[in-house]
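Enquirer: So I've got this file, coords21.cif, and it contains mmCIF, C-alpha atoms and all ligand atoms:
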```
data_run
loop_
_atom_site.label_atom_id
_atom_site.label_comp_id
_atom_site.auth_asym_id
_atom_site.auth_seq_id
_atom_site.Cartn_x
_atom_site.Cartn_y
_atom_site.Cartn_z
CA MET A 27 75.37 80.29 18.00
CA LYS A 28 78.00 82.75 16.79
CA GLU A 29 78.92 85.39 19.38
CA ALA A 30 80.14 88.92 18.76
CA LEU A 31 83.54 90.19 19.88
CA VAL A 32 83.48 92.91 22.53
CA TRP A 33 86.38 94.90 24.05
CA GLY A 34 87.52 95.45 27.62
CA ILE A 35 90.56 95.85 29.91
CA PHE A 36 91.75 93.03 32.16
CA SER A 37 94.60 92.17 34.49
CA LYS A 38 95.94 88.94 35.90
CA ILE A 39 97.56 88.44 39.28
CA ASP A 40 100.63 90.55 38.32
CA GLY A 41 98.33 93.55 37.93
CA GLU A 42 99.43 94.59 34.42
CA LYS A 43 96.44 95.85 32.51
CA ARG A 44 95.92 94.70 28.94
CA VAL A 45 93.27 94.84 26.25
CA ALA A 46 90.80 91.96 26.41
CA ALA A 47 88.60 90.67 23.62
CA ARG A 48 85.62 88.64 24.78
CA ILE A 49 83.74 86.26 22.50
CA GLY A 50 80.90 84.68 24.46
CA SER A 51 82.51 83.53 27.70
CA ILE A 52 86.05 83.28 26.29
CA ILE A 53 88.37 86.18 27.09
CA ILE A 54 91.45 86.61 24.93
CA ASP A 55 94.70 88.37 25.89
CA VAL A 56 95.04 90.54 22.76
CA TYR A 57 98.63 91.61 23.50
CA ALA A 58 99.71 87.98 23.66
CA VAL A 59 98.00 87.27 20.33
CA ALA A 60 99.64 90.37 18.81
CA LYS A 61 103.09 89.20 19.98
CA GLU A 62 102.49 85.96 18.07
CA GLY A 63 102.15 88.03 14.90
CA LEU A 64 98.41 87.86 14.24
CA PHE A 65 98.28 91.53 13.25
CA ASP A 66 101.68 91.77 11.50
CA GLU A 67 100.16 92.77 8.16
CA ILE A 68 98.35 95.70 9.80
CA ASN A 69 100.67 98.59 10.41
CA PHE A 70 100.41 99.80 14.03
CA ASP A 71 102.24 99.60 17.36
CA ILE A 72 100.98 96.59 19.33
CA GLU A 73 101.90 98.33 22.61
CA VAL A 74 98.36 99.81 22.42
CA PHE A 75 97.23 96.44 23.80
CA ARG A 76 99.39 96.84 26.93
CA LYS A 77 97.70 99.91 28.33
CA ASP A 78 95.41 100.77 31.25
CA TYR A 79 92.61 101.84 28.90
CA LEU A 80 91.32 101.16 25.38
CA ASN A 81 91.75 104.81 24.30
CA ASP A 82 95.03 104.38 22.37
CA PHE A 83 93.67 101.36 20.53
CA ILE A 84 90.41 103.15 19.71
CA ALA A 85 92.33 106.21 18.50
CA LEU A 86 93.95 104.08 15.76
CA GLY A 87 90.65 104.48 13.93
CA LYS A 88 88.01 102.12 12.59
CA PRO A 89 89.97 100.85 9.55
CA ILE A 90 92.49 99.34 11.99
CA THR A 91 90.28 98.43 14.96
CA ASN A 92 87.79 96.61 12.75
CA ARG A 93 90.54 94.66 10.96
CA VAL A 94 91.97 93.65 14.33
CA ARG A 95 88.52 92.52 15.43
CA GLN A 96 88.01 90.49 12.25
CA LYS A 97 91.43 88.83 12.58
CA ILE A 98 90.48 87.56 16.03
CA GLU A 99 86.98 86.55 14.93
CA ASN A 100 88.44 84.58 12.03
CA LEU A 101 90.66 82.41 14.21
CA SER A 102 89.37 78.90 13.67
CA ASN A 103 90.25 77.90 17.21
CA PHE A 104 91.99 79.34 20.23
CA GLU A 105 94.62 76.61 20.52
CA GLY A 106 97.89 77.98 21.89
CA ILE A 107 96.31 81.33 22.68
CA PRO A 108 96.04 82.57 26.27
CA THR A 109 92.31 82.61 27.07
CA PHE A 110 90.51 83.13 30.36
CA SER A 111 87.06 83.15 31.87
CA GLU A 112 85.79 86.13 33.88
CA ASP A 113 86.52 84.19 37.10
CA ASP A 114 90.25 83.96 36.28
CA ILE A 115 90.95 87.66 35.90
CA ASN A 116 90.12 91.18 37.06
CA LEU A 117 88.15 93.49 34.79
CA HIS A 118 88.54 97.27 34.86
CA LEU A 119 87.05 100.50 33.59
CA PRO A 120 87.58 100.05 29.83
CA ILE A 121 88.20 103.67 28.88
CA LYS A 122 89.72 106.81 30.31
CA ILE A 123 86.71 109.09 30.15
CA GLY A 124 87.45 112.68 29.24
CA ASP A 125 84.02 114.23 29.22
CA TYR A 126 80.64 112.82 30.08
CA THR A 127 77.34 114.09 28.74
CA ASP A 128 73.95 112.67 29.68
CA PHE A 129 71.00 113.01 27.33
CA TYR A 130 67.27 112.63 27.97
CA SER A 131 66.20 111.01 24.72
CA SER A 132 63.49 108.42 25.43
CA GLU A 133 60.09 110.01 24.94
CA GLN A 134 58.26 107.75 27.37
CA HIS A 135 60.78 108.51 30.14
CA ALA A 136 60.62 112.27 29.56
CA TYR A 137 56.83 112.07 29.49
CA ASN A 138 56.63 110.02 32.70
CA VAL A 139 59.00 112.32 34.60
CA GLY A 140 57.19 115.40 33.25
CA VAL A 141 53.87 114.04 34.52
CA MET A 142 55.29 113.33 37.97
CA PHE A 143 57.55 116.38 38.45
CA ARG A 144 55.47 119.02 36.67
CA ASP A 145 52.18 118.87 34.80
CA PRO A 146 50.37 115.92 33.12
CA ASP A 147 48.96 118.26 30.48
CA ASN A 148 52.37 119.65 29.53
CA ALA A 149 54.61 116.72 30.36
CA LEU A 150 57.08 117.42 27.56
CA LEU A 151 58.60 120.89 27.66
CA PRO A 152 58.37 122.89 24.39
CA ASN A 153 61.99 122.21 23.40
CA TRP A 154 61.88 118.42 23.80
CA LYS A 155 60.89 117.43 20.26
CA HIS A 156 63.19 120.01 18.68
CA LEU A 157 66.51 119.07 20.27
CA PRO A 158 68.04 116.20 22.26
CA VAL A 159 68.03 117.70 25.76
CA GLY A 160 71.18 116.96 27.75
CA TYR A 161 73.54 118.20 30.46
CA HIS A 162 77.25 117.88 31.19
CA GLY A 163 77.89 115.33 33.90
CA ARG A 164 80.99 114.38 35.85
CA ALA A 165 83.54 111.86 34.51
CA SER A 166 85.51 111.41 37.77
CA SER A 167 82.71 109.49 39.50
CA ILE A 168 82.10 106.91 36.76
CA PHE A 169 83.20 103.47 37.95
CA PRO A 170 82.96 100.01 36.39
CA SER A 171 80.56 97.21 37.21
CA GLY A 172 81.39 95.56 40.54
CA VAL A 173 82.42 98.77 42.32
CA ASN A 174 79.91 99.76 45.01
CA PHE A 175 79.10 103.17 46.46
CA HIS A 176 77.70 104.75 49.62
CA ARG A 177 74.22 106.22 49.68
CA PRO A 178 74.68 109.95 49.06
CA LYS A 179 73.57 112.70 51.43
CA GLY A 180 72.12 116.06 50.56
CA GLN A 181 69.33 118.58 50.89
CA ILE A 182 65.94 116.92 50.75
CA ASN A 183 62.30 117.44 51.68
CA ALA A 184 62.17 121.03 50.52
CA SER A 185 59.37 122.66 48.60
CA ASP A 186 57.83 126.10 48.15
CA THR A 187 56.48 125.87 51.68
CA THR A 188 59.01 123.70 53.56
CA LEU A 189 62.67 124.26 54.40
CA PRO A 190 65.25 121.67 53.35
CA THR A 191 66.69 119.10 55.74
CA PHE A 192 70.06 117.36 55.44
CA SER A 193 69.92 113.60 55.26
CA PRO A 194 70.92 110.50 53.29
CA THR A 195 68.73 110.32 50.19
CA LYS A 196 65.48 108.43 50.78
CA ARG A 197 64.78 108.10 47.07
CA LEU A 198 67.84 106.40 45.62
CA ASP A 199 67.15 105.29 42.06
CA ILE A 200 68.71 103.79 38.96
CA GLU A 201 68.58 104.91 35.35
CA LEU A 202 68.84 102.22 32.67
CA GLU A 203 70.96 103.77 29.93
CA MET A 204 73.31 103.01 27.06
CA ALA A 205 76.63 104.83 26.87
CA THR A 206 77.97 105.90 23.49
CA ILE A 207 81.78 105.73 23.47
CA ILE A 208 83.29 108.35 21.17
CA GLY A 209 86.01 106.90 18.90
CA LYS A 210 87.17 109.87 16.84
CA LYS A 211 88.10 113.39 17.84
CA THR A 212 86.98 116.65 16.29
CA GLU A 213 88.70 120.02 16.33
CA ILE A 214 87.23 122.91 18.25
CA GLY A 215 84.84 124.82 16.01
CA ASP A 216 83.97 121.81 13.83
CA SER A 217 80.51 120.26 13.67
CA VAL A 218 79.71 116.63 12.87
CA ASN A 219 77.20 116.04 10.07
CA VAL A 220 74.33 113.92 11.38
CA ASN A 221 74.72 111.49 8.47
CA GLU A 222 78.40 110.94 9.30
CA ALA A 223 77.97 110.88 13.06
CA GLU A 224 78.14 107.08 13.38
CA ASP A 225 81.77 107.27 12.20
CA TYR A 226 82.48 108.98 15.52
CA ILE A 227 81.00 106.14 17.58
CA PHE A 228 83.43 103.41 18.60
CA GLY A 229 80.74 101.46 20.39
CA PHE A 230 78.19 101.15 23.15
CA ALA A 231 78.24 99.95 26.77
CA ILE A 232 75.53 99.56 29.41
CA PHE A 233 75.37 102.44 31.86
CA ASN A 234 73.61 103.08 35.16
CA ASP A 235 73.08 106.77 35.92
CA TRP A 236 72.40 106.55 39.66
CA SER A 237 70.02 109.27 40.82
CA ALA A 238 68.80 110.70 44.13
CA ARG A 239 65.26 111.81 43.35
CA ASP A 240 64.64 113.87 46.49
CA ILE A 241 67.89 115.81 46.02
CA GLN A 242 67.11 116.18 42.33
CA ARG A 243 63.65 117.58 42.87
CA TRP A 244 64.91 120.47 45.00
CA GLU A 245 68.14 121.35 43.19
CA TYR A 246 67.35 120.96 39.49
CA VAL A 247 65.79 124.37 38.90
CA PRO A 248 66.99 126.32 36.96
CA LEU A 249 70.27 124.76 35.78
CA GLY A 250 69.46 121.04 35.76
CA PRO A 251 70.91 117.99 37.50
CA PHE A 252 73.90 118.42 39.84
CA LEU A 253 74.50 116.55 43.13
CA ALA A 254 71.54 114.23 42.53
CA LYS A 255 73.57 112.66 39.74
CA ASN A 256 77.32 113.19 40.14
CA PHE A 257 77.85 111.04 43.26
CA PHE A 258 78.27 107.86 41.19
CA SER A 259 77.66 106.31 37.77
CA SER A 260 78.34 102.73 36.66
CA LEU A 261 79.71 101.58 33.30
CA ALA A 262 79.91 98.01 31.99
CA HIS A 263 83.30 96.33 31.57
CA TRP A 264 82.59 95.63 27.91
CA ILE A 265 82.26 97.93 24.90
CA VAL A 266 80.35 96.58 21.91
CA PRO A 267 81.69 97.97 18.60
CA ILE A 268 78.94 99.69 16.63
CA GLU A 269 79.76 97.63 13.53
CA VAL A 270 78.72 94.33 15.13
CA LEU A 271 75.28 95.81 15.78
CA GLU A 272 74.57 96.29 12.05
CA PRO A 273 72.13 93.29 11.92
CA PHE A 274 70.15 94.82 14.78
CA LYS A 275 69.40 98.18 13.17
CA VAL A 276 65.68 98.92 13.04
CA GLU A 277 63.55 101.70 11.61
CA THR A 278 62.40 104.36 14.04
CA GLU A 279 59.17 106.28 14.13
CA GLU A 280 58.94 109.50 12.18
CA GLN A 281 59.79 112.65 14.13
CA LEU A 282 56.97 115.15 14.29
CA PRO A 283 57.19 118.08 14.30
CA GLU A 284 59.90 117.94 11.67
CA VAL A 285 63.36 118.60 13.09
CA LEU A 286 65.78 121.26 11.85
CA PRO A 287 67.96 120.22 8.88
CA TYR A 288 71.13 119.69 10.96
CA LEU A 289 69.28 117.00 12.94
CA LYS A 290 67.62 115.35 9.96
CA GLN A 291 69.18 111.94 9.46
CA ARG A 292 68.78 110.27 6.03
CA GLU A 293 68.31 106.83 7.53
CA ARG A 294 67.29 107.26 11.12
CA GLN A 295 67.71 103.88 12.75
CA ASN A 296 67.85 102.57 16.27
CA PHE A 297 69.37 99.37 17.63
CA ASP A 298 67.23 96.44 18.76
CA VAL A 299 69.02 95.54 22.00
CA THR A 300 67.15 94.06 24.95
CA LEU A 301 67.96 95.84 28.22
CA GLU A 302 66.97 94.37 31.58
CA VAL A 303 66.95 95.56 35.18
CA TRP A 304 67.40 92.93 37.88
CA LEU A 305 67.16 93.58 41.62
CA MET A 306 68.71 91.39 44.33
CA PRO A 307 67.24 92.61 47.64
CA HIS A 308 69.61 92.84 50.62
CA GLY A 309 69.88 89.56 52.50
CA SER A 310 68.83 87.57 49.45
CA SER A 311 70.99 85.65 47.00
CA GLU A 312 68.35 85.66 44.31
CA ALA A 313 67.89 88.44 41.75
CA TYR A 314 64.51 89.26 40.21
CA ILE A 315 63.86 90.94 36.88
CA ILE A 316 61.92 94.17 37.44
CA SER A 317 62.01 95.71 33.95
CA SER A 318 62.69 94.76 30.35
CA SER A 319 63.25 97.63 27.94
CA ASN A 320 65.04 98.06 24.61
CA PHE A 321 67.67 100.41 23.18
CA LYS A 322 65.33 100.98 20.23
CA ASN A 323 63.05 103.06 22.50
CA MET A 324 64.94 106.25 21.61
CA TYR A 325 63.30 109.31 20.10
CA TRP A 326 66.73 110.85 19.39
CA THR A 327 69.42 108.54 17.97
CA ALA A 328 73.03 108.59 19.15
CA ALA A 329 73.92 110.15 15.75
CA GLN A 330 71.48 113.00 16.34
CA GLN A 331 72.89 113.50 19.84
CA ILE A 332 76.42 113.83 18.40
CA ALA A 333 75.28 116.23 15.66
CA HIS A 334 73.53 118.38 18.25
CA HIS A 335 76.44 118.21 20.72
CA THR A 336 78.88 119.55 18.10
CA VAL A 337 76.62 121.94 16.16
CA ASN A 338 78.01 124.89 18.14
CA GLY A 339 81.62 123.81 17.57
CA CYS A 340 82.09 121.93 20.85
CA ASN A 341 84.88 119.40 20.29
CA LEU A 342 84.87 115.65 20.92
CA ASN A 343 87.71 113.47 22.17
CA VAL A 344 88.32 109.73 22.02
CA GLY A 345 86.88 108.23 25.18
CA ASP A 346 84.15 110.78 25.73
CA VAL A 347 80.94 109.21 26.98
CA MET A 348 77.48 110.28 25.91
CA ALA A 349 74.79 108.46 27.82
CA SER A 350 71.43 107.95 26.16
CA GLY A 351 69.20 109.01 29.01
CA THR A 352 66.88 106.56 30.76
CA ILE A 353 65.42 104.15 28.22
CA SER A 354 61.77 103.46 28.96
CA GLY A 355 59.37 101.55 26.72
CA LYS A 356 55.67 102.30 26.38
CA THR A 357 54.46 99.71 28.88
CA PRO A 358 54.92 100.01 32.67
CA ASP A 359 56.97 96.78 32.79
CA SER A 360 59.55 98.40 30.50
CA TYR A 361 60.26 101.59 32.42
CA GLY A 362 63.95 102.28 33.05
CA SER A 363 63.86 103.75 36.57
CA LEU A 364 62.27 102.93 39.91
CA LEU A 365 60.73 106.41 39.90
CA GLU A 366 58.63 105.28 36.95
CA LEU A 367 58.23 101.61 37.94
CA SER A 368 56.82 102.62 41.35
CA TRP A 369 55.23 105.77 39.92
CA GLY A 370 56.93 108.10 42.38
CA GLY A 371 56.47 105.58 45.22
CA LYS A 372 52.68 105.38 44.81
CA THR A 373 52.68 101.81 43.46
CA PRO A 374 55.64 99.95 44.98
CA ILE A 375 57.14 97.10 42.97
CA GLN A 376 56.13 93.66 44.25
CA LEU A 377 59.07 91.26 44.35
CA PRO A 378 58.50 87.48 44.07
CA ASN A 379 59.88 86.94 47.60
CA GLY A 380 57.09 89.06 49.07
CA GLU A 381 59.13 92.24 49.54
CA THR A 382 58.27 95.56 47.93
CA ARG A 383 60.43 98.42 46.69
CA SER A 384 59.70 102.00 45.73
CA PHE A 385 63.33 103.07 45.91
CA LEU A 386 66.54 101.23 46.83
CA GLU A 387 67.47 100.07 50.33
CA ASP A 388 71.00 99.69 51.71
CA GLY A 389 72.46 96.34 50.64
CA ASP A 390 70.31 96.07 47.52
CA THR A 391 72.17 95.00 44.39
CA VAL A 392 71.09 96.19 40.95
CA ILE A 393 72.16 94.32 37.83
CA LEU A 394 71.63 95.81 34.36
CA LYS A 395 71.99 93.43 31.43
CA GLY A 396 71.97 93.85 27.68
CA TYR A 397 71.89 91.46 24.72
CA ALA A 398 70.81 91.18 21.12
CA GLU A 399 70.09 87.97 19.22
CA LYS A 400 69.20 87.28 15.60
CA ASP A 401 69.69 84.45 13.08
CA ASP A 402 72.08 82.44 15.25
CA PHE A 403 74.16 85.54 16.09
CA LYS A 404 74.36 86.91 19.60
CA VAL A 405 75.78 90.11 21.10
CA ASP A 406 76.29 89.99 24.85
CA PHE A 407 76.83 93.41 26.43
CA GLY A 408 77.60 91.84 29.81
CA GLU A 409 76.21 93.40 32.94
CA VAL A 410 76.54 96.34 35.31
CA ARG A 411 76.33 95.04 38.88
CA THR A 412 76.39 97.43 41.83
CA THR A 413 75.47 97.19 45.52
CA VAL A 414 74.19 100.16 47.52
CA LEU A 415 76.20 100.64 50.74
CA SER A 416 74.92 102.58 53.73
CA SER A 417 75.72 106.28 54.03
CA LYS A 418 79.25 107.22 55.08
CA CA A 501 70.19 110.07 33.10
#
```
Before we go any further, please render this structure as structure tokens.
Expert:
Amino acid sequence: MKEALVWGIFSKIDGEKRVAARIGSIIIDVYAVAKEGLFDEINFDIEVFRKDYLNDFIALGKPITNRVRQKIENLSNFEGIPTFSEDDINLHLPIKIGDYTDFYSSEQHAYNVGVMFRDPDNALLPNWKHLPVGYHGRASSIFPSGVNFHRPKGQINASDTTLPTFSPTKRLDIELEMATIIGKKTEIGDSVNVNEAEDYIFGFAIFNDWSARDIQRWEYVPLGPFLAKNFFSSLAHWIVPIEVLEPFKVETEEQLPEVLPYLKQRERQNFDVTLEVWLMPHGSSEAYIISSSNFKNMYWTAAQQIAHHTVNGCNLNVGDVMASGTISGKTPDSYGSLLELSWGGKTPIQLPNGETRSFLEDGDTVILKGYAEKDDFKVDFGEVRTTVLSSK
């Protein structure tokens, strides 16, 4: 089985952060390889591999980053090259995130939430099929896999007829998402053509958009998500370059009603990547799979999201993150949030150890995983593993 190369940032005991390339379970110190001259015929400063984040490497542009990737992939063996396993090293947040936008682009998820939060007969709001709905999130509270957070507090239990109370959230949830990592900047005032938008994508990484449903329900009108979302988000250690996903491109369903010309993509394709949610209940050492979805369950592609994001002239920077929105499939075992899996708490999830969950309890660990496999070629996105700590 041939495995794809993915990018991250690692450090050894001395603490110096460097660029890591992972192929399967083998992690390569790219700076060390560069010092040996592997990239001498490519003209760039190898100090980009001795940085805290991937941004400077990514900013070199695809003609260079892809050649670097191919040079490493073409090594016949790793003899004499410093390699590690994940147990030997520390992994870090791979990019310095400038701006973070979260979309809402899986139709089944938007439909499910619309049914629960509003009206089953008008689950999708009138704009939903005309533009990729999104909001600007907060970059400062995005942390990598392995970093845990405390259950957030806020205003809950309020409605038209009841006053809010202040309490730790009782409806702490996950959102299974894919983050698009922007690899090329635009100038203010410029718009990205939808058919060229993939040139602006360096790659993808698994993302958990933690959500407090009771806080969300009260605060979201009329300006959208705020404190129900910005307390914490989790990003994988590994970024998968978009180019290695070429074999996994699949046709998507036709968009009806027809979208406006600036959103009309010549070849609208999604990526066939399996995405799983695993839950390890507190006090247990065993994790159970509670959902299996797929990145291809997107009504709006990442390219359409970028075209829409920039159509008004809003500029992009290297290291910006655009999250897909919760990715839910059509069947209940493929929903990407506990809100949907437990249908608002009405049908709690049954775990194999006899426990049930509607929302998360303190000490629960959630693990998101992603992978794609075809014709003896595998792409491993790694995982996003996070434990919920009790309120501070
Ligand atoms: Ca989200």
Enquirer: Taking the point (84.1, 114.8, 22.0) as given in the file, collect each protein or nucleic acid residue that comes within 8 Å of it, counting all atoms listed in the file, and present the set as a list in words.
Expert: Asp125, Ile208, Lys210, Lys211, Thr212, Cys340, Asn341, Leu342, Asn343, Val344, Gly345 and Asp346 of chain A
Enquirer: Output the selection as a compact mmCIF listing (two decimals), in the frame of the given file - C-alpha atoms for each residue.
Expert:
```txt
# COMPACT_ATOMS: atom_id res chain seq x y z
CA ASP A 125 84.02 114.23 29.22
CA ILE A 208 83.29 108.35 21.17
CA LYS A 210 87.17 109.87 16.84
CA LYS A 211 88.10 113.39 17.84
CA THR A 212 86.98 116.65 16.29
CA CYS A 340 82.09 121.93 20.85
CA ASN A 341 84.88 119.40 20.29
CA LEU A 342 84.87 115.65 20.92
CA ASN A 343 87.71 113.47 22.17
CA VAL A 344 88.32 109.73 22.02
CA GLY A 345 86.88 108.23 25.18
CA ASP A 346 84.15 110.78 25.73
```
Enquirer: Please report as a Markdown table every residue of chain A lying within 12 Å of ligand CA 501 (chain A), along with the nearest atom pair and their distance in Å (one decimal), using only C-alpha atoms and all ligand atoms.
Expert:
```
| residue | atom | partner | partner_atom | distance |
| --- | --- | --- | --- | --- |
| A:Tyr126 | CA | A:CA501 | CA | 11.2 |
| A:Thr127 | CA | A:CA501 | CA | 9.3 |
| A:Asp128 | CA | A:CA501 | CA | 5.7 |
| A:Phe129 | CA | A:CA501 | CA | 6.5 |
| A:Tyr130 | CA | A:CA501 | CA | 6.4 |
| A:Ser131 | CA | A:CA501 | CA | 9.3 |
| A:Ser132 | CA | A:CA501 | CA | 10.3 |
| A:His135 | CA | A:CA501 | CA | 10.0 |
| A:Ala136 | CA | A:CA501 | CA | 10.4 |
| A:Val139 | CA | A:CA501 | CA | 11.5 |
| A:Val159 | CA | A:CA501 | CA | 10.8 |
| A:Gly160 | CA | A:CA501 | CA | 8.8 |
| A:Tyr161 | CA | A:CA501 | CA | 9.2 |
| A:His162 | CA | A:CA501 | CA | 10.7 |
| A:Gly163 | CA | A:CA501 | CA | 9.4 |
| A:Arg164 | CA | A:CA501 | CA | 11.9 |
| A:Asp199 | CA | A:CA501 | CA | 10.6 |
| A:Ile200 | CA | A:CA501 | CA | 8.7 |
| A:Glu201 | CA | A:CA501 | CA | 5.9 |
| A:Leu202 | CA | A:CA501 | CA | 8.0 |
| A:Glu203 | CA | A:CA501 | CA | 7.1 |
| A:Met204 | CA | A:CA501 | CA | 9.8 |
| A:Ala205 | CA | A:CA501 | CA | 10.4 |
| A:Phe233 | CA | A:CA501 | CA | 9.3 |
| A:Asn234 | CA | A:CA501 | CA | 8.0 |
| A:Asp235 | CA | A:CA501 | CA | 5.2 |
| A:Trp236 | CA | A:CA501 | CA | 7.8 |
| A:Ser237 | CA | A:CA501 | CA | 7.8 |
| A:Ala238 | CA | A:CA501 | CA | 11.1 |
| A:Arg239 | CA | A:CA501 | CA | 11.5 |
| A:Gln242 | CA | A:CA501 | CA | 11.5 |
| A:Gly250 | CA | A:CA501 | CA | 11.3 |
| A:Pro251 | CA | A:CA501 | CA | 9.1 |
| A:Phe252 | CA | A:CA501 | CA | 11.4 |
| A:Ala254 | CA | A:CA501 | CA | 10.4 |
| A:Lys255 | CA | A:CA501 | CA | 7.9 |
| A:Asn256 | CA | A:CA501 | CA | 10.5 |
| A:Phe258 | CA | A:CA501 | CA | 11.6 |
| A:Ser259 | CA | A:CA501 | CA | 9.6 |
| A:Ser260 | CA | A:CA501 | CA | 11.5 |
| A:Met348 | CA | A:CA501 | CA | 10.2 |
| A:Ala349 | CA | A:CA501 | CA | 7.2 |
| A:Ser350 | CA | A:CA501 | CA | 7.4 |
| A:Gly351 | CA | A:CA501 | CA | 4.3 |
| A:Thr352 | CA | A:CA501 | CA | 5.4 |
| A:Ile353 | CA | A:CA501 | CA | 9.0 |
| A:Ser354 | CA | A:CA501 | CA | 11.5 |
| A:Gly362 | CA | A:CA501 | CA | 10.0 |
| A:Ser363 | CA | A:CA501 | CA | 9.6 |
```
Enquirer: Would you mind exporting the chosen residues as a CSV table (one decimal), in the coordinates of the input, restricted to C-alpha atoms?
Expert:
```
chain,number,residue,atom,x,y,z
A,126,TYR,CA,80.6,112.8,30.1
A,127,THR,CA,77.3,114.1,28.7
A,128,ASP,CA,74.0,112.7,29.7
A,129,PHE,CA,71.0,113.0,27.3
A,130,TYR,CA,67.3,112.6,28.0
A,131,SER,CA,66.2,111.0,24.7
A,132,SER,CA,63.5,108.4,25.4
A,135,HIS,CA,60.8,108.5,30.1
A,136,ALA,CA,60.6,112.3,29.6
A,139,VAL,CA,59.0,112.3,34.6
A,159,VAL,CA,68.0,117.7,25.8
A,160,GLY,CA,71.2,117.0,27.8
A,161,TYR,CA,73.5,118.2,30.5
A,162,HIS,CA,77.2,117.9,31.2
A,163,GLY,CA,77.9,115.3,33.9
A,164,ARG,CA,81.0,114.4,35.8
A,199,ASP,CA,67.2,105.3,42.1
A,200,ILE,CA,68.7,103.8,39.0
A,201,GLU,CA,68.6,104.9,35.4
A,202,LEU,CA,68.8,102.2,32.7
A,203,GLU,CA,71.0,103.8,29.9
A,204,MET,CA,73.3,103.0,27.1
A,205,ALA,CA,76.6,104.8,26.9
A,233,PHE,CA,75.4,102.4,31.9
A,234,ASN,CA,73.6,103.1,35.2
A,235,ASP,CA,73.1,106.8,35.9
A,236,TRP,CA,72.4,106.6,39.7
A,237,SER,CA,70.0,109.3,40.8
A,238,ALA,CA,68.8,110.7,44.1
A,239,ARG,CA,65.3,111.8,43.4
A,242,GLN,CA,67.1,116.2,42.3
A,250,GLY,CA,69.5,121.0,35.8
A,251,PRO,CA,70.9,118.0,37.5
A,252,PHE,CA,73.9,118.4,39.8
A,254,ALA,CA,71.5,114.2,42.5
A,255,LYS,CA,73.6,112.7,39.7
A,256,ASN,CA,77.3,113.2,40.1
A,258,PHE,CA,78.3,107.9,41.2
A,259,SER,CA,77.7,106.3,37.8
A,260,SER,CA,78.3,102.7,36.7
A,348,MET,CA,77.5,110.3,25.9
A,349,ALA,CA,74.8,108.5,27.8
A,350,SER,CA,71.4,108.0,26.2
A,351,GLY,CA,69.2,109.0,29.0
A,352,THR,CA,66.9,106.6,30.8
A,353,ILE,CA,65.4,104.2,28.2
A,354,SER,CA,61.8,103.5,29.0
A,362,GLY,CA,64.0,102.3,33.0
A,363,SER,CA,63.9,103.8,36.6
```
Enquirer: Which residue, A:Ser416, A:Ser51, A:Gln291, A:Asn379, has the smallest gap to A:Glu312 when you use only C-alpha atoms?
Expert: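 Ranking A:Ser416, A:Ser51, A:Gln291, A:Asn379 by distance to A:Glu312, first place goes to A:Asn379.
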Enquirer: Let me make sure I understand: among A:Leu301, A:Ala60, A:Met142, A:Leu282, which one has the smallest atom-to-atom distance to A:Ser368 if we use all atoms listed in the file?
Expert: A:Met142
Enquirer: Taking (101.2, 99.7, 20.8) in the file's coordinates, which residues come within 10 Å, counting only C-alpha atoms, written as a PyMOL selection string?
Expert: chain A and resi 57+60+70-77+82-83+86
Enquirer: Compare A:Arg93, A:His334, A:His118, A:Lys88 by their minimum atom-to-atom distance to A:Gly41, counting only C-alpha atoms, and give me the closest one.
Expert: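 Going through A:Arg93, A:His334, A:His118, A:Lys88 one by one, the smallest distance to A:Gly41 is for A:His118.
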Enquirer: Could you please determine the separation between atom CA of A:Glu293 and atom CA of A:Ala231 in Å, to one decimal place?
Expert: 22.7 Å
Enquirer: As an exercise, work out the distance from atom CA of A:Ile232 to atom CA of A:His263 in Å and give it to one decimal place.
Expert: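 Atom-to-atom, atom CA of A:Ile232 and atom CA of A:His263 are spaced 8.7 Å apart.
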Enquirer: Point out the residue among A:Ser171, A:Thr412, A:Ser37, A:Thr373 with the least atom-to-atom distance to A:Asp114, counting only C-alpha atoms.
Expert: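 Using only C-alpha atoms, A:Asp114 sits closest to A:Ser37.
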Enquirer: Kindly indicate which residue among A:Ile182, A:Ile52, A:Leu31, A:Leu286 lies nearest to A:Thr91, using all atoms listed in the file for the distances.
Expert: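 Among the listed residues, the smallest separation from A:Thr91 belongs to A:Leu31.
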Enquirer: What gap, in Å, lies between atom CA of A:Asn221 and atom CA of A:Glu277?
Expert: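 Computing it gives 15.2 Å between the two atoms.
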Enquirer: What's the 8 Å shell around A:Val303, counting all atoms listed in the file, without same-chain residues fewer than 2 positions away, as a compact mmCIF listing (two decimals) with C-alpha atoms, in the coordinates of the input?
Expert:
```txt
# COMPACT_ATOMS: atom_id res chain seq x y z
CA LEU A 202 68.84 102.22 32.67
CA LEU A 301 67.96 95.84 28.22
CA LEU A 305 67.16 93.58 41.62
CA ILE A 315 63.86 90.94 36.88
CA ILE A 316 61.92 94.17 37.44
CA SER A 317 62.01 95.71 33.95
CA SER A 318 62.69 94.76 30.35
CA GLY A 362 63.95 102.28 33.05
CA VAL A 392 71.09 96.19 40.95
CA ILE A 393 72.16 94.32 37.83
CA LEU A 394 71.63 95.81 34.36
CA LYS A 395 71.99 93.43 31.43
```
Enquirer: Neighbouring residues of A:Pro273 were defined as those with any atom within 10 Å, considering all atoms listed in the file; residues of the same chain fewer than 5 positions away were excluded. Please report them as a compact mmCIF listing (two decimals) with C-alpha atoms, in the frame of the given file.
Expert:
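Done, and the output landed in around.txt:
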```txt
# COMPACT_ATOMS: atom_id res chain seq x y z
CA PHE A 297 69.37 99.37 17.63
CA ASP A 298 67.23 96.44 18.76
CA ALA A 398 70.81 91.18 21.12
CA GLU A 399 70.09 87.97 19.22
CA LYS A 400 69.20 87.28 15.60
CA ASP A 401 69.69 84.45 13.08
CA PHE A 403 74.16 85.54 16.09
```
